[in-house]
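Engineer: My questions all concern the structure below.
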Amino acid sequence: MKTGTIVEEVLIPPYEGRAVVVPKGHRLCIIDVEGKQVGDFVCFLQGQSGEHVSPVHMRSSLSSIRLKVGDGLYSNLRRPLMRLVKDTVGKHDFFFPACDDYRYKVDFGVEGHPNCHDNLEKALKPFGVKYDVLPDPINWFMNNALDENSDYVIEEPLSKPGDYVMLEALWDVIVAVSACSQDMAPVNGYRVTPLKLQILRD
């Protein structure tokens with residue numbers, strides 16, 4: 001499935017997030033362990049955390065609303081920090097923000113629900129990443145469709161157990177991923193399951 005030597009492996013439990021350093025030239029695999037699990041992903045340039053992968057700049061730089069093998073993950077300074085090199089699913093999202101406490105309070109009337117915004121902030125804290133506002137994520141494996149009016153319809157992910165994306169680091173980066181906590185909508189097929197991160201080198 002994957003090539004190279006695994007130098008680090010991290011399991012992300014349901015409803016939680018984890019962060020890792022990915023050195024330049026190494027590859028990061030984000031693996032959907034049980035299938036139909038979205039991973040909210042943010043990425044910062046190590047040592048200069050004001051630069052981060054930015055979905056709005058990606059849409060502009062790629063002239064596209066879909067991600068394809070070979071695409072760069074562009075930063076707010078309009079340069080790619082990582083590149084998508086393998087993808088066994090082919091359907092992801094980089095429009096929706098991370099779910100947060102307000103999402104569950106306002107839309108579902110639920111207090112204190114686990115959420116990706118808090119998961120990502122907690123995962124990044126030990127790495128000393130500085131930011132005023134947490135950047136919007138890339139939502140790996142999230143399956144959004146457009147209806148006849150070009151409005152969004154969220155459907156269950158297409159990913160199966162063991163499906164993955166592989167990203168090559170073009171710079172030394174800090175990456176955080178949350179196992180999306182949404183269990184009240186089709187985002188994760190109404191259940192939250194683990195993700196796994198693997199860092200590989202040649």
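Ordering of the structure tokens sets the chain letters (A, B, ...), residue numbers begin anew at 1 in every chain, and ligands are numbered from 1 in the order given.
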Can you pull out the residues contacting Ala179 (chain A)? Cut-off 9 Å, using only C-alpha atoms, and skip same-chain residues under 3 positions away; I want them as a PDB file with C-alpha atoms, in the first residue's frame.
Structural biologist:
ATOM      1  CA  ILE A  12      -5.946   9.414  16.579  1.00  0.00           C
ATOM      2  CA  PRO A  13      -8.770   8.124  18.790  1.00  0.00           C
ATOM      3  CA  PRO A  14     -12.393   9.054  17.978  1.00  0.00           C
ATOM      4  CA  TYR A  15     -13.293  12.635  18.991  1.00  0.00           C
ATOM      5  CA  GLU A  16      -9.632  13.603  19.424  1.00  0.00           C
ATOM      6  CA  GLY A  17      -6.791  15.264  17.528  1.00  0.00           C
ATOM      7  CA  ARG A  18      -3.032  14.764  17.235  1.00  0.00           C
ATOM      8  CA  GLN A  37     -14.220   9.013   8.897  1.00  0.00           C
ATOM      9  CA  VAL A  38     -13.379  12.620   8.042  1.00  0.00           C
ATOM     10  CA  GLY A  39     -10.054  14.084   9.150  1.00  0.00           C
ATOM     11  CA  ASP A  40      -9.840  17.849   9.710  1.00  0.00           C
ATOM     12  CA  CYS A 116     -12.541  19.651  15.747  1.00  0.00           C
ATOM     13  CA  ASN A 119      -9.206  19.109  19.153  1.00  0.00           C
ATOM     14  CA  VAL A 192     -16.889   8.644  14.862  1.00  0.00           C
ATOM     15  CA  THR A 193     -13.959   6.266  14.419  1.00  0.00           C
ATOM     16  CA  PRO A 194     -10.132   6.444  14.570  1.00  0.00           C
ATOM     17  CA  LEU A 195      -7.644   7.777  12.086  1.00  0.00           C
TER      18      LEU A 195
END
Engineer: May I have the residues within 10 Å of Lys130 (chain A) as a PDB file with C-alpha atoms, in the first residue's frame, using only C-alpha atoms and disregarding those fewer than 2 positions away in the same chain?
Structural biologist:
ATOM      1  CA  PHE A  44       1.892  25.251   9.567  1.00  0.00           C
ATOM      2  CA  GLY A  47       9.331  27.968  12.904  1.00  0.00           C
ATOM      3  CA  GLN A  48       7.126  30.464  11.091  1.00  0.00           C
ATOM      4  CA  SER A  49       3.627  29.588  12.204  1.00  0.00           C
ATOM      5  CA  GLY A  50       2.167  32.712  10.624  1.00  0.00           C
ATOM      6  CA  GLU A  51       2.353  30.762   7.353  1.00  0.00           C
ATOM      7  CA  LEU A 124      -1.047  22.037  18.476  1.00  0.00           C
ATOM      8  CA  LYS A 125      -0.477  23.512  21.942  1.00  0.00           C
ATOM      9  CA  PHE A 127       4.259  22.572  19.532  1.00  0.00           C
ATOM     10  CA  GLY A 128       4.061  26.287  20.354  1.00  0.00           C
ATOM     11  CA  ASP A 132      -4.756  34.569  16.018  1.00  0.00           C
ATOM     12  CA  VAL A 133      -7.491  32.488  14.386  1.00  0.00           C
ATOM     13  CA  LEU A 134      -7.174  28.769  13.713  1.00  0.00           C
TER      14      LEU A 134
END
Engineer: Report, in Å with one decimal, the straight-line distance from CA of Leu197 (chain A) to CA of Tyr104 (chain A).
Structural biologist: 27.0 Å
Engineer: Within 7 Å of region 58-72 of chain A, counting only C-alpha atoms, which residues show up once you throw out same-chain ones fewer than 3 positions away? Write them as a ChimeraX atom specification, please.
Structural biologist: /A:54-55,80,82-87,92
Engineer: Between CA of Leu45 (chain A) and CA of Thr3 (chain A), measure the distance and give it in Å to one decimal.
Structural biologist: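 Between CA of Leu45 (chain A) and CA of Thr3 (chain A) the gap works out to 24.6 Å.
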Engineer: Work out how far CA of Pro186 (chain A) is from CA of Glu111 (chain A), in Å to one decimal.
Structural biologist: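 Taking CA of Glu111 (chain A) and CA of Pro186 (chain A), their separation equals 20.0 Å.
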Engineer: Rank nothing, just name the residue among A:Asp183, A:Asp107, A:Asp163, A:Asp93 nearest to Asn144 (chain A), using only C-alpha atoms.
Structural biologist: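 Using only C-alpha atoms, Asn144 (chain A) sits closest to A:Asp93.
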Engineer: So which bits of region 24-166 of chain A end up helix (DSSP H, G or I) when you DSSP the backbone, as a list in words?
Structural biologist: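 So the helix (DSSP H, G or I) residues in region 24-166 of chain A would be Pro55, Val56, His57, Met58, Arg59, Ser60, Ser61, Leu62, Asp101, Tyr102, Arg103, Tyr104, Lys105, Val106, Asp107, Phe108, Cys116, His117, Asp118, Asn119, Leu120, Glu121, Lys122, Ala123, Leu124, Lys125, Pro126 and Phe127 of chain A.
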